[in-house]
Structure formats: structure tokens, C-alpha cells
4 protein chains.
Amino acid sequence: MNDRYDPAPGDRFSFGLWTVGHRGVDPFGLPTRPPIEPEEIVAHLAEVGAWGVSLHDNDLVPFGVPASERDRIVARFKAAAEGNGLVVPMATVNLFTQPVFRDGAFTAASPAVRRFAVRKAVEAIDLSAELGAGIFVLWGGREGVETGVARDPRDALQRYREAIDFLCAYIRSQGLDMRLALEAKPNEPRGHIYLPTTGHMLAFIASLADPDIVGVNPETAHESMAGLSFHHAVGQALWQGKLFHVDLNAQHGPRYDQDFRFASEDLKDAFLTVRLLQAAGYDGPRHFDCRAYRSEDDAGVYAAFATGCMRNYKLLAAKAAALDADAEVQEALAAAGAGELREPTPAFSPEVLERLRGEDFAAVIDDDTGRGHERADQLMLEVLLGAR
Amino acid sequence: MNDRYDPAPGDRFSFGLWTVGHRGVDPFGLPTRPPIEPEEIVAHLAEVGAWGVSLHDNDLVPFGVPASERDRIVARFKAAAEGNGLVVPMATVNLFTQPVFRDGAFTAASPAVRRFAVRKAVEAIDLSAELGAGIFVLWGGREGVETGVARDPRDALQRYREAIDFLCAYIRSQGLDMRLALEAKPNEPRGHIYLPTTGHMLAFIASLADPDIVGVNPETAHESMAGLSFHHAVGQALWQGKLFHVDLNAQHGPRYDQDFRFASEDLKDAFLTVRLLQAAGYDGPRHFDCRAYRSEDDAGVYAAFATGCMRNYKLLAAKAAALDADAEVQEALAAAGAGELREPTPAFSPEVLERLRGEDFAAVIDDDTGRGHERADQLMLEVLLGAR
Amino acid sequence: MNDRYDPAPGDRFSFGLWTVGHRGVDPFGLPTRPPIEPEEIVAHLAEVGAWGVSLHDNDLVPFGVPASERDRIVARFKAAAEGNGLVVPMATVNLFTQPVFRDGAFTAASPAVRRFAVRKAVEAIDLSAELGAGIFVLWGGREGVETGVARDPRDALQRYREAIDFLCAYIRSQGLDMRLALEAKPNEPRGHIYLPTTGHMLAFIASLADPDIVGVNPETAHESMAGLSFHHAVGQALWQGKLFHVDLNAQHGPRYDQDFRFASEDLKDAFLTVRLLQAAGYDGPRHFDCRAYRSEDDAGVYAAFATGCMRNYKLLAAKAAALDADAEVQEALAAAGAGELREPTPAFSPEVLERLRGEDFAAVIDDDTGRGHERADQLMLEVLLGAR
Amino acid sequence: MNDRYDPAPGDRFSFGLWTVGHRGVDPFGLPTRPPIEPEEIVAHLAEVGAWGVSLHDNDLVPFGVPASERDRIVARFKAAAEGNGLVVPMATVNLFTQPVFRDGAFTAASPAVRRFAVRKAVEAIDLSAELGAGIFVLWGGREGVETGVARDPRDALQRYREAIDFLCAYIRSQGLDMRLALEAKPNEPRGHIYLPTTGHMLAFIASLADPDIVGVNPETAHESMAGLSFHHAVGQALWQGKLFHVDLNAQHGPRYDQDFRFASEDLKDAFLTVRLLQAAGYDGPRHFDCRAYRSEDDAGVYAAFATGCMRNYKLLAAKAAALDADAEVQEALAAAGAGELREPTPAFSPEVLERLRGEDFAAVIDDDTGRGHERADQLMLEVLLGAR
């Protein structure tokens, strides 16, 4: 498959250590793939053409290892990444695996657990800085409840804000060139997670002490678990200037978090997402936060799964370019109003109001011309199917 | 059922004309209840003890009637409301029924449709002011897509903002004592609606020119359609100072918009919502935006459905008070961390950081004491069931 | 678009009068398309290349018209269909629109309503026979509840069975060459509908007095509303010899019934469905039970929407043939076990058991070779995208 | 809480070893509870008043232990159960944890894996018989796909049938007094599982060689994951004479499999389920297939979680009795048609048809009396809330 869909560094494709490194364990089954070292993962990623590798602190440094051991591990990994020509564009902190976080991290009831979570995040920020990561993602997997009876959600949000404010102040105090990207998820592993969608996160960010360095990291599967349009989530984040990172994968609607190979479900929304990212000039990582089916071995993980994620992005980007270069499609999109929608609605002024009050809308009200969305959608589908 | 669960004006219970006035039509069936006049509805609502009545412009004034007729209709209605001792705490604009809005109102591609939508909203604001409504709700039922191919979501959000900014400026220009409450819904009647949840709305509000007079109107069914916790949505709105209105009803998870009698589904979340509203001192309307099953007649609409909504609120409020007065339950909630969560996480300072870096968390990490959520939840359930 | 994807009579493409004839009304909006006569619909369908037209009794004959008027209407329609070269492969009975059915038809509590429903179905069978339809579909849209408190589901199923048994006996008594196809739906317009999926229907059929002439009519949207795989539903129906009819459309997961243009959502499942129907030699109608977006006019309904349904079927059938002719893909499917799965598991006998008890499975248990599903899926995706 | 809601042997309450024995591991977190031996679990269950304990083969006998070790383990467990006065009403086979089943067990592509699965099931049947279990449950957690491209669902169902037929023949050959109960689940851990609901299972059973000894084991959470009514699933199973076992727990709609404490979500459906089981005289185990929140310790697992499951069943059974003894409620249910629905619809005969054709339905069609479901539902809610 050596062709124009091969990945190039300029594509900024990255994978988490925990994605291709996932060993196939699930709630009902043991691992199906043998253990693997971070350095091996890095070598494989380089081979298949990835540009970056991301990680949670504990993907690299096991929880609780002494400082000296930690330094050795980090140095070895850094060397491996550099040796393989991979950057570390993003890092994050694991605040969900250890039992200490079983009832929350930043929103744990226990003040000591919260302090510990903050310190762990501070240390992970240090690690991120050391690895050169400009983006620090925060996913609050345990920040939620199974039952709300002993939790006032307002208290939880207040504690959440205090923790993020702390981390922002720490980043500023260190003069780091780093931004936070908050990742929402509606549920799993908790019954209900606070700030369940990208929208809630954007609202929360507006309440922070230092919102400028905080944005979002929307994930396909997470929005889809709430039945929401992922490309709309990405669109709102872009529109609010807050798309700091993006997690691409696939999900078949509301159910367990599937994290499938990018574009392997809901192809239309995947296409619209790629088209939007390209059109918006998004220049951050195209990060694949997914994992291979449990039935696969490591050969398949790289040759089919990881390669497939990148190929699908490029295939869809090429389709987007083709669609935008197809005169008939462009005419159909225009007929469906894509251009009209770019014209502003007038701002209020007494004069505009006066004019509006006097405007005759009879023809507008009576106009029953079709909007042509079926045609536009069908043409898109035919572009996708390679039928034009 | 004359008892302590009977509604009183201080409960601030309100119903929309379109709720008890719903005639039972659905996508697969004709109306099952005979036509009814707004004035009859008002009389019935007064009889069953409601405090307020709300309305869309066209619930009262049919679309397209001349101004003189409109004035006559409004005057008659106003007299009926006053005569029955009902206030009009909220009004809204219908931007979804007429074919002119079939592809959006504030986010229609057609600039003329958008201008018409703005003018219709301005006129509905005038009507609201005339009726003394301090809250003006906006639900953008048609602001969305079935296919995203011909719509850049960023354009749509920009148009949406311009329209809301226009209305805010208009309200300011008129010196009205009125606030906007935006209502989110994930889908239906459009495939995907922009700003699909209360979270997205809160984020959007932060981007407005005049955010102070704009808040949200969360609705039980709408959040539940995305599988989200309604009491968490209400909690975030309260926490951000934006709970301007609330639409109470019931819904059985992701499916068509059911708008069932308040508390008739997901009793636990209904209880937590009532408890939160009461605890937060929310003093706006308790608005029931629901409709009776299509199998009912108007006798049932008032005697069972509307009465049931209000009774359930009061029953649950009484349960909330009982729960908070039950020493064993309070002890269980404390054990589960309800109080601890109120203690702040320390703010950043070099000294705090220093202390944090030196803190010994070994005991915290090793602590495997249960958090007691099962007990707390079970006690709540027994309070709900009247078993304690 | 005159090409090899143009419909031909052999494709057996059919549409319901209520599909292309849908006027765009929805729970929140008025019709957006002007009224249209059945005969006009038939002419348009013929123009775009459909083979068949289906109908509910009341799509053609308004509820309650006198017999003489009914006969005139039917004769006119029959002439129009024949004149346009269209067959009527399927008809059905509307047991959901009229208020009399607001609480059920075959499962209404009222014995009189049930008798009326049975009589209406008998008359619709007569109409079907008159029009030459060999398939009579039954969709029990009102056979369900919003609340289960006053309904024992066992009673409801018993009444349901009695009604179907009655209709089977009637068909036999008339010597008609007609089979029933039962259509499941999980909810909407009722809160919960009895026999909510194709699986429940198949189980119910096994309980009937005369199961041979009763099969199923699975619908894409209806299975998707429960999050289920449509092609698995079709597969089970085929495997049990019960796929008597099929309703093709598209749906974006659990939400209101969308009935979108075939293949416009969940392209992968649409592809697998077409591939399965073709592979199984299904020779019944390919029936499109969907409706155009409300934003469209009748020009779009035929030129884009109806044409798109048929083109998509043929595009996907061509992809299926291409996939099955692609040596690399075939090798990948074989590696993923498609062929192995065709080998039977041995039947029980004392000897087989003996052999099994003695078999050494150590190598099987230790084998950690990947199954190659990622590769197979990626190759399918590339075939779909026209990238190979 | 020593009161009339304390469990008694006659209640037939049972728990799986894997339920109270669950150690709190989840896809994102390590175990939170220390290891525990089956014998300890049995002692705890006896203490809280359970009647039975159920198990998967490997809950008791670790995968791969030699026969002598296996016999020792089983004998010790049997003694512990007997010593604690607990019966083993049901046992099952784990065909999902081991990597060998990563792509299916009875429907694995590999014939050797299928044979191994059958042998493992045979051995588990032997174990069940040894422990005196009359019910053998089969949950096919791995019988499904993430992608359907390399699987014809008809092949998979055929293999599934062969395996079940084998087991039935084995049971018959051994003269065992044992019945199979098949358990459906729509997804998780596979993307789509074959036979995804109780309805599909019932249909599948009708296709077996020896259907008499095969029934179903519906589970609350599993039906709820597809948005379906659990009490309707139980109702259809009862109606078809196939309710051989039942798995009671709780789930908040379509999302990951929550397996919450019985009745802690969707209280109304839990109530209707208990009412139906009691009314139907179901005399099998009331089996709780759920697990405590991960935040709990073993003290909470027994004192709150397990006790809560049993208390909730008895609380709801008492409510059901109260509801059926409340004259006003009974009158409301009768008004809503509960009794009328029990009257049969006449069977077909030429005379009945004749009468039907001549019947005057005008009054039935015009009758617009409400059905009274709102009142009935509200009264039920008030019974549930202890408000009457």
C-alpha cells in the first residue's frame, strides 16, 4: 500500500502508548497480546510512519517507582523517541487506574485524595515538560458518581475548578509553554461523569481563573456515546478558539466505549470531521486514541489498525479535497445554502429594527422551494463511495 | 386528594398552554382530544391550583393574524389569566412550526428567513412584556441539520450568536426587565440540533456580547435523550449562576421526546433534582413542560396528569426534607463524603506547592475503606419508598 | 446519472405511497409539501424507475369512505399502477392513525376496538388481494404502553396472537396466495411497543396456530433504534426462513424514528445488509420505507431522495460483488475465518463425546495468532471508499 | 433492619460467586477489594440470608487446574455450601475470559475452538450436576463481532445451534434433571452479540432439535442496554413458558453494562417486574446478577449491596400486594382496561366473520373517553412512594 495515502510527518499523526500498546484486556477477558515495552512501541510507530507518541505518566513510569528509577525510565524513553524521530506532542496524567481514585481525583470527597491528585498532575506536567509536550490533556475518568445522593454537583464542580486553577497557576509559575486540553466523557467508568460533553467542558473553562491556556480535547467515541455529532463538537470548539487537541477514533452509538479504528464506524461524520479540521487549518496533532480489536495480534495492530487510522484520515482528506473541487457538488452545496449561511445577520440598531419591522416577508413565508439537502448528501455519499 | 401535597401559589407551579393544551397528535396519529381555547385552559389550570401559565406566541395568537385581531386576542387572554389569578412568568417564540423555518430560523441559510425569525422573536418579546413575563425562553428546534455536508457548524453558531445578540440589544434598548433562557435539545425534530445540551448552551452564552441577561432553561427529557443526568445539568447551571428557568417532565432514555408527567420515569433523578432546586433556593417557576398520554381525555389531563406533576414535586420535596432530617441517613451521607466534598482544595502558591511536594500520601494510597455509597443510595431508596 | 446504477425492474425496488408521498409534517411542524394524489405518486415512481408501489389501506382509501367511493378509488389507482407498469407487491393496514386505536388495536383493552381492528385488517387483506399483493405487512404501532401498570404483557400477547391467528385463518379460508410479514419497532409512537425487535417477532411467530404463512419485515431504522445490527436481524430472519419482506432506510442510532434515505447513515451496516440479501438470493421486494428530509420539495423527493435509495442499493451491490471478486480481500476474509465458520461442529454421539473428552487442546489454547479482523474491515472500507 | 423485609429461604434469593465476589476491577481501574475465597463468600451470603449461590465453572475451579485439584476444590466448596445451608440452584460455564475465546466460543471460526468450547460446557454441566444445580445458564459473551465483514450471521447461528443441540443431547444422554437457560445481551464485550435480546433467544430456541429443555434467563441490565422494557421481556418469556431463570439488577439505559444493585435504577420497571413474577407464580430463583460500586469494601458489599437487593425485592413485592389490595387503585386499573384485556378476541369462523362484517362500530369509533392511564400510573407512583 505504498501510495499517496502513506503518512508523512506533516500530517502530524500521533498515537498514545496506551492505544497501540493496549493488550486486549476487557471487563470480561484477560489480555490477548503479550506485554510490550514503550521503546518497542515507539519503534513500531516510527516504522508505520507516525509523527508523534503521547502518554499518561504511568504508561511510561509505573505508579510508585522511586525517583531515580523514574529518571532512568524517562531518559531511556526520550532517547528511544528521538532515535526514532518521534516527537511527544502531548502527555497526560492517569487519575483513574489506582484504587485511591476509586471515588474521584480532583472531585474526590477526601481532601487528601484531592491533594494527591493535584500533586500527581503537577508531576505529570513536569514529565510532559521534560518530554517537550506542549499539550497536557486531562481526562477526569473518575470525576463522577454512580449515585448522586451524597454529592452536591455544585461542590464537585467547585473542587474541579480549584484543581484546574491550581495547575494553570503552576504552569504559569514555571513559565512553561504548555496548554491544558480537557477531555469530556458522559459515562464509563462512572455512572455519570461531571462535565459529560465537550459543551459542558467549554462552559466550565469559561469559569476558570485563567481560561486562556485551557481548551478541549474532544473524542469521537465520547461524543458518540451521548448520541451527539462529533463534527459539531469539533466545530463549536474551533468556533470558540478552544480546539487544542483532538482524539480520533470510532464508536457505534450509545454503548460501552469502543475506541475503534478511526473511521471504521459512522463514516459520514468521520468525513465531515476531517473536512472541517482541514478547512479550519487546525495545526495540532491528529491523535488516534483507539485500540485494535481484542482478536488481533501485534502484527495486525501496526499493519492494519494503526496504518488504517492514518490511511483513513488521508483518504477522507483526499475525498474532502475532491468534493470541494467537484463543480457539480459545489453547485449543489451552494443551492443547499452553504454560502448564504456565511452572510451575517444584521446587528441591532434602532434603524435596523425599524427596517425589520417594515420588511415584507410574504414571499419568504410562501416560498416552498426545496433546500436540496438530499441531493447534496447523496452527492457527498457518491464522492465517498468513489462513484464520482 | 386534599392534603399537604396540594399546590399553593408559593410553589410557583406553571404549565405551558401547549402542555395541558396538547391535543394528542403525534407523528403517527390524529388528535384525540377536541380543540380547546386558551381561556378554557387558564380556567382549568386555576382550578387545579397552578400559579402560572406560559405560552409560545402562536399558542395564543395564530400565525399571521392581523394586528387588531392580535390585540383583541391578547387582551382577552390577559383578562382571563388575571381573572383566574394566574401570572404569566414566561413566554417564548415558536420558530419551528411554520414551513418557512423548515431549515432553521436564526441559523437558516437564507438571510431573509433569519431576519424574519429575528423579527418574530422581537414581536414575541413585545408580547411577553405585555403579559408581564420576566423570562423569555428560546428553543431552537429547527437550528440543526439532517446532513452536515452543506453547513459549516462555525457559520451556524456565528449566525446563532448574532441573533441572540440582537435580541439582547433589543431588550436593553427597551429597558425591559426581561432575561433570556436558552433551551437545548440534542435532536428531534432535526437529526442533530446545534448546542445540543445545557452544557453547550452555557458555553455559547459565555461567547455572547451581553451574557448577563442570558441563562438556560434545562429540560428533563432533553438531557435524558442524550443519556445525561438531569440533576447534574441543573447543578452546573446553578453553579454558573445561569438557571433562569427549568422545564420539568420525564423521559425514558434515548428515544423520541416523550415529555411525560413529571417524575413518572427515572424517579431517582427526579428526586435529586427537586432536592437540589430546594437546597439551592431556586426561586423561579417550577415549569412543567409535558403532555398527557394520547390515550387521555381532558378530564384526565387536569385531574391526573397536571395534578400529578404538582403532587409529585411536593411529594419529592417532602421526601427531600425527610431525608435531610433523618439522622441515620445524614450519618450515611457524611460517611459517604458529602461534607468532606465541601472543603476546598488549596489554591496554588509556592508554599502550598512545597508542602504538597513533601506530603506523605502512603496512608491515603493504602486506605481501602469503602466509601459507603451503596448504603447511602439504599437509604435514599427506602426514604423514597416510604420504608423509613 | 444514466449509468449502470440505474434501476431496472429485476431489482424489485418498491416504495410506499406514504414514503415519497410524505408531506413533511412532524411533531413540531406543519407539512412543507403540497398535497399529492396517489396517481401522481405512481407516475413519478414509474418515471424514476421503481418496480413496485405499496400502501396502507388509508393511504389510498380515506378512513370511513362509503364502499362505492372506495371501489371507484381502488379501480382508478389500479389502472394508474398498471398504466405505469408498476406492481403492488405488498399492502398493509393502518391501525395507528385513527383515535380509536389510541390505546392499541389488536391489543386494545376494549374488545370492541379489537374486533374493529380485526375487521379493518380483513378488509385491508381484501384490498391487498384485489391489488395483487402477495405480502401483507402488519406493523403494530399502537400495540404497546406508556405505563405498564394496567396491562399484563401476557394478556396483550395472547390477544395479539388471537388476532394474527384470525387473519391467517381468514387468508386460508379465502384460498389467497398471501403471506403475512410482521414488523417490529421498539418504541414510538408508544413508550414501549410489544414484540419490540425482529427477534421478538420471530419468537412470537413460532407460537402461532399457523406459523407457515407468517414471517417478518425487518426495518433498518427500527432495529437501529434499539442499537442493534440490522444485518444481523436480516441474517436471523433468513436463517429461520422468515424474511418475507424488508424495509430499507437509515437511522442514526437510538432517537426518534428517522426513516432517512437508504444508506445515508451507517454505511457499513447498509453494505453488509445488501451483500447478505444478494448472497442469500432473497427475491422479495427491496422496499424503501423512508421519507425525504422535511426541507425538500417534490422535485428533490424523486430526483435525489428516491433515486438515491435505489442508486445506493445498486452501488453497494456492485461493491459487494467487487469485494467478493478481489483476491486480496478474499484472502483476508479467509484468514479472518469466514470459510472455517462454514464447517459444522460435530453432532453429539457417545463416540464424538469420547473423542472430545480425549482431545488435546493445548495448542489451541496457546495459539495467540491474530484473527485479522482489522485488516479485513480496513480492506472492506477501502472497497467502500473506492480506494481499491 | 430486622423486619418483614428480611430474606427467608422461601424467597429463593441467590447470588453468583462473581457478583458479591467481584473485586472492583473495571476497564480503567485495578481491583479495589482484596482477594476472597469462594468459601468466605458462601459464609457471608448465608449470614445475610441468601438461599442460593450460583457460579461459573472458573469462579470456583481456576482454568486449567488438574482433575485431582479440581475435585478437592469442588468438594471443599460443596461442604461449605451445605455447611452454610445454601443450595446451588444454577451454574454456568465461562466461555469469555480466556484468550482462546477472543473471537467466539460456540461461534468461533476455528472448529477446534468450538470443540473446546463444547467440551468445556460439557464439563461445566458435569460440575453443575455434581453441585445439584437444575439450571444451566449459557451466556455467549464472545458470540459476536466487531466487524461483520468476515462472518455470515447465518453460519454463526447454525454453529450456535449445533453447540446447543450437542449440550441438550448430552444432558438427555446422562439422564440429568437439568434445563438450559440462554441469556441474551446486545453488546459488550463484543461490538454486536448474536441473539442480542431475550426475543431473539426465544426465536432461536424454537429452531433447536430439543427445545423443551431450553429456556431463557433474561437480565435487567441487558434488556435495558437496548432500551427495552425488562418486564415486557419477562412477560414474553413467561407467556411462551420459557422463563427458566432470571437475572435481576439495574441499569441506566444504553451504556456500559452497569449491573447495579437491584431496583437502584428504573424503579417503576423493577416494580412491574416483581409484580409480574409474583403474579405469575414464578418459582425459580430470584437471582441477583449485579456487583457493588467499585468504591465499596466487603463490609458494604454484604451489609448494603446484597442486603439491599433482597430488601428491594421484598419491598416491591409488598408494594405489589398493597397495590392489588387498594380498592381505589383496583378501580383505576379496571377503568384503564386491565380486566377487559383478559377477554379473548373471537377466533375465526365463517359465522364470526359474518358477524364482524355486519357489526356497527360507529359508537366505538366516536368514543373519546380517556383511558385513565395517567391516573393509574400516578396511583402506582403514590403507592411506590408510600403516599397511600
# chains A, B, ... in the order shown; residues from 1 in each chain; ligands from 1

$ interface_residues --of "chain C" --to "chain B" --cutoff "6 Å" --atoms "only C-alpha atoms" --output "tab-separated table (two decimals) with C-alpha atoms, in the first residue's frame"
chain	number	residue	atom	x	y	z
C	26	ASP	CA	-43.53	16.22	12.01
C	27	PRO	CA	-44.36	16.55	15.73
C	28	PHE	CA	-43.17	20.14	15.70
C	29	GLY	CA	-44.07	21.30	12.23
C	30	LEU	CA	-46.72	21.63	9.56
C	32	THR	CA	-43.91	21.54	3.83
C	97	THR	CA	-53.69	6.92	12.82
C	99	PRO	CA	-58.04	7.95	17.60
C	102	ARG	CA	-55.05	5.33	20.61
C	103	ASP	CA	-54.56	2.58	23.16
C	254	PRO	CA	-31.36	5.45	19.37
C	255	ARG	CA	-33.56	8.53	18.89
C	256	TYR	CA	-36.80	9.37	17.06
C	295	SER	CA	-36.62	20.70	3.82

$ select_by_dssp --residues "stretch 131-293 of chain B" --states "strand (DSSP E)" --output "PyMOL selection string"
chain B and resi 135-139+144-145+179-183+192-193+214-216+247-248+286-288

$ residues_around --residues "D:Val149" --least-positions-apart "2" --cutoff "9 Å" --atoms "only C-alpha atoms" --output "PyMOL selection string"
(chain C and resi 272+333+338+373+376-377+380) or (chain D and resi 147+151-152)

$ select_by_dssp --residues "stretch 20-259 of chain C" --states "helix (DSSP H, G or I)" --output "PyMOL selection string"
chain C and resi 20+38-48+57-60+67-83+99-101+111-131+153-174+198-205+211-213+220-225+230-239

$ write_last_selection --atoms "C-alpha atoms" --output "short mmCIF file (atom, residue, chain, number, x, y, z; two decimals), in the first residue's frame"
data_model
loop_
_atom_site.label_atom_id
_atom_site.label_comp_id
_atom_site.auth_asym_id
_atom_site.auth_seq_id
_atom_site.Cartn_x
_atom_site.Cartn_y
_atom_site.Cartn_z
CA VAL C 20 -42.41 9.58 -1.31
CA PRO C 38 -51.77 8.51 -5.29
CA GLU C 39 -51.93 8.52 -9.07
CA GLU C 40 -49.37 11.32 -9.29
CA ILE C 41 -47.07 9.40 -6.97
CA VAL C 42 -47.36 6.31 -9.12
CA ALA C 43 -46.48 8.28 -12.21
CA HIS C 44 -43.43 9.80 -10.55
CA LEU C 45 -42.27 6.43 -9.24
CA ALA C 46 -42.53 4.95 -12.70
CA GLU C 47 -40.52 7.84 -14.09
CA VAL C 48 -37.62 7.28 -11.71
CA ASP C 57 -55.39 0.88 3.12
CA ASN C 58 -55.88 4.52 4.14
CA ASP C 59 -53.03 5.85 2.02
CA LEU C 60 -55.40 5.12 -0.83
CA ALA C 67 -68.00 1.28 -0.27
CA SER C 68 -68.93 2.66 -3.67
CA GLU C 69 -66.46 5.51 -3.34
CA ARG C 70 -63.87 3.02 -2.16
CA ASP C 71 -64.34 0.89 -5.25
CA ARG C 72 -64.01 3.87 -7.56
CA ILE C 73 -60.78 4.94 -5.82
CA VAL C 74 -59.29 1.47 -5.96
CA ALA C 75 -60.15 1.00 -9.61
CA ARG C 76 -58.61 4.33 -10.54
CA PHE C 77 -55.43 3.51 -8.62
CA LYS C 78 -55.19 0.04 -10.11
CA ALA C 79 -55.46 1.50 -13.55
CA ALA C 80 -52.80 4.07 -12.76
CA ALA C 81 -50.41 1.44 -11.42
CA GLU C 82 -50.95 -0.81 -14.41
CA GLY C 83 -50.75 2.08 -16.80
CA PRO C 99 -58.04 7.95 17.60
CA VAL C 100 -59.99 4.71 18.03
CA PHE C 101 -56.64 2.93 18.12
CA PRO C 111 -62.88 -6.00 22.94
CA ALA C 112 -64.88 -3.87 20.50
CA VAL C 113 -61.80 -1.95 19.39
CA ARG C 114 -60.04 -5.26 18.88
CA ARG C 115 -62.88 -6.60 16.78
CA PHE C 116 -62.89 -3.40 14.76
CA ALA C 117 -59.14 -3.72 14.22
CA VAL C 118 -59.54 -7.28 13.03
CA ARG C 119 -62.29 -6.29 10.64
CA LYS C 120 -60.23 -3.41 9.28
CA ALA C 121 -57.35 -5.82 8.71
CA VAL C 122 -59.66 -8.27 6.96
CA GLU C 123 -60.84 -5.53 4.65
CA ALA C 124 -57.26 -4.48 4.00
CA ILE C 125 -56.45 -8.09 3.12
CA ASP C 126 -59.30 -7.97 0.64
CA LEU C 127 -57.86 -4.79 -0.82
CA SER C 128 -54.40 -6.34 -1.00
CA ALA C 129 -55.75 -9.35 -2.83
CA GLU C 130 -57.61 -7.08 -5.21
CA LEU C 131 -54.36 -5.24 -5.98
CA PRO C 153 -47.98 -8.22 28.93
CA ARG C 154 -49.07 -11.86 28.81
CA ASP C 155 -52.67 -10.82 28.20
CA ALA C 156 -51.55 -8.45 25.48
CA LEU C 157 -49.53 -11.13 23.70
CA GLN C 158 -52.41 -13.56 23.93
CA ARG C 159 -54.74 -11.04 22.30
CA TYR C 160 -52.09 -10.28 19.69
CA ARG C 161 -51.86 -13.98 18.83
CA GLU C 162 -55.61 -14.37 18.58
CA ALA C 163 -55.75 -11.52 16.07
CA ILE C 164 -52.95 -12.89 13.90
CA ASP C 165 -54.45 -16.37 14.07
CA PHE C 166 -57.75 -14.90 12.91
CA LEU C 167 -56.14 -13.26 9.90
CA CYS C 168 -54.24 -16.40 8.96
CA ALA C 169 -57.44 -18.42 9.14
CA TYR C 170 -59.18 -15.82 7.02
CA ILE C 171 -56.44 -15.95 4.38
CA ARG C 172 -56.63 -19.73 4.31
CA SER C 173 -60.42 -19.66 4.16
CA GLN C 174 -60.26 -17.46 1.08
CA THR C 198 -37.37 -8.77 14.79
CA GLY C 199 -36.18 -11.36 17.29
CA HIS C 200 -39.28 -10.99 19.46
CA MET C 201 -41.44 -11.24 16.34
CA LEU C 202 -39.75 -14.45 15.23
CA ALA C 203 -40.34 -15.92 18.68
CA PHE C 204 -43.97 -14.84 18.59
CA ILE C 205 -44.49 -16.38 15.16
CA PRO C 211 -46.83 -20.11 11.51
CA ASP C 212 -46.04 -21.17 7.96
CA ILE C 213 -47.60 -18.17 6.28
CA THR C 220 -33.31 -0.71 9.31
CA ALA C 221 -34.41 2.24 11.42
CA HIS C 222 -36.42 0.15 13.84
CA GLU C 223 -33.58 -2.22 14.74
CA SER C 224 -31.15 0.71 14.92
CA MET C 225 -33.41 2.48 17.41
CA PHE C 230 -29.71 -4.60 11.12
CA HIS C 231 -27.79 -7.07 9.03
CA HIS C 232 -27.82 -9.48 11.96
CA ALA C 233 -31.61 -9.11 12.17
CA VAL C 234 -31.90 -9.83 8.46
CA GLY C 235 -29.50 -12.73 8.92
CA GLN C 236 -31.54 -14.36 11.64
CA ALA C 237 -34.74 -13.89 9.64
CA LEU C 238 -33.13 -15.51 6.60
CA TRP C 239 -31.70 -18.32 8.69
#

$ residues_around --residues "A:Lys185" --least-positions-apart "6" --cutoff "7 Å" --atoms "only C-alpha atoms" --output "compact mmCIF listing (two decimals) with C-alpha atoms, in the first residue's frame"
# COMPACT_ATOMS: atom_id res chain seq x y z
CA ILE A 193 -19.25 11.77 34.82
CA PRO A 196 -20.06 14.99 30.29
CA THR A 197 -19.56 16.55 26.84
CA HIS A 222 -17.09 10.04 23.84

$ residues_around --residues "A:Asp247" --least-positions-apart "4" --cutoff "9 Å" --atoms "only C-alpha atoms" --output "VMD selection string"
chain A and resid 183 217 to 221 285 to 290

$ residues_around --residues "A:Leu267" --least-positions-apart "3" --cutoff "8 Å" --atoms "only C-alpha atoms" --output "compact mmCIF listing (two decimals) with all heavy atoms, in the first residue's frame"
# COMPACT_ATOMS: atom_id res chain seq x y z
N ALA A 263 -12.62 6.05 11.76
CA ALA A 263 -13.48 6.00 10.57
C ALA A 263 -14.10 4.63 10.31
O ALA A 263 -14.82 4.46 9.33
CB ALA A 263 -12.75 6.47 9.31
N SER A 264 -13.88 3.68 11.21
CA SER A 264 -14.47 2.36 10.97
C SER A 264 -15.95 2.29 11.37
O SER A 264 -16.59 1.27 11.12
CB SER A 264 -13.66 1.27 11.69
OG SER A 264 -13.67 1.47 13.09
N ALA A 270 -17.14 10.96 10.28
CA ALA A 270 -15.67 10.97 10.20
C ALA A 270 -15.22 11.87 9.04
O ALA A 270 -14.29 12.67 9.17
CB ALA A 270 -15.14 9.56 10.02
N PHE A 271 -15.91 11.72 7.93
CA PHE A 271 -15.57 12.55 6.76
C PHE A 271 -15.78 14.03 7.06
O PHE A 271 -14.92 14.87 6.77
CB PHE A 271 -16.44 12.11 5.57
CG PHE A 271 -16.32 13.04 4.40
CD1 PHE A 271 -15.15 13.11 3.66
CD2 PHE A 271 -17.38 13.86 4.05
CE1 PHE A 271 -15.04 13.97 2.58
CE2 PHE A 271 -17.28 14.73 2.98
CZ PHE A 271 -16.10 14.80 2.24
N ASP C 266 -24.88 4.94 8.72
CA ASP C 266 -24.33 3.60 8.99
C ASP C 266 -24.08 2.83 7.70
O ASP C 266 -24.62 1.74 7.47
CB ASP C 266 -25.27 2.82 9.93
CG ASP C 266 -24.51 1.73 10.69
OD1 ASP C 266 -23.34 1.45 10.35
OD2 ASP C 266 -25.07 1.16 11.63
N LEU C 267 -23.20 3.40 6.91
CA LEU C 267 -22.92 2.86 5.57
C LEU C 267 -22.42 1.43 5.64
O LEU C 267 -22.74 0.62 4.76
CB LEU C 267 -21.86 3.77 4.92
CG LEU C 267 -21.58 3.61 3.45
CD1 LEU C 267 -22.85 3.70 2.63
CD2 LEU C 267 -20.58 4.67 2.99
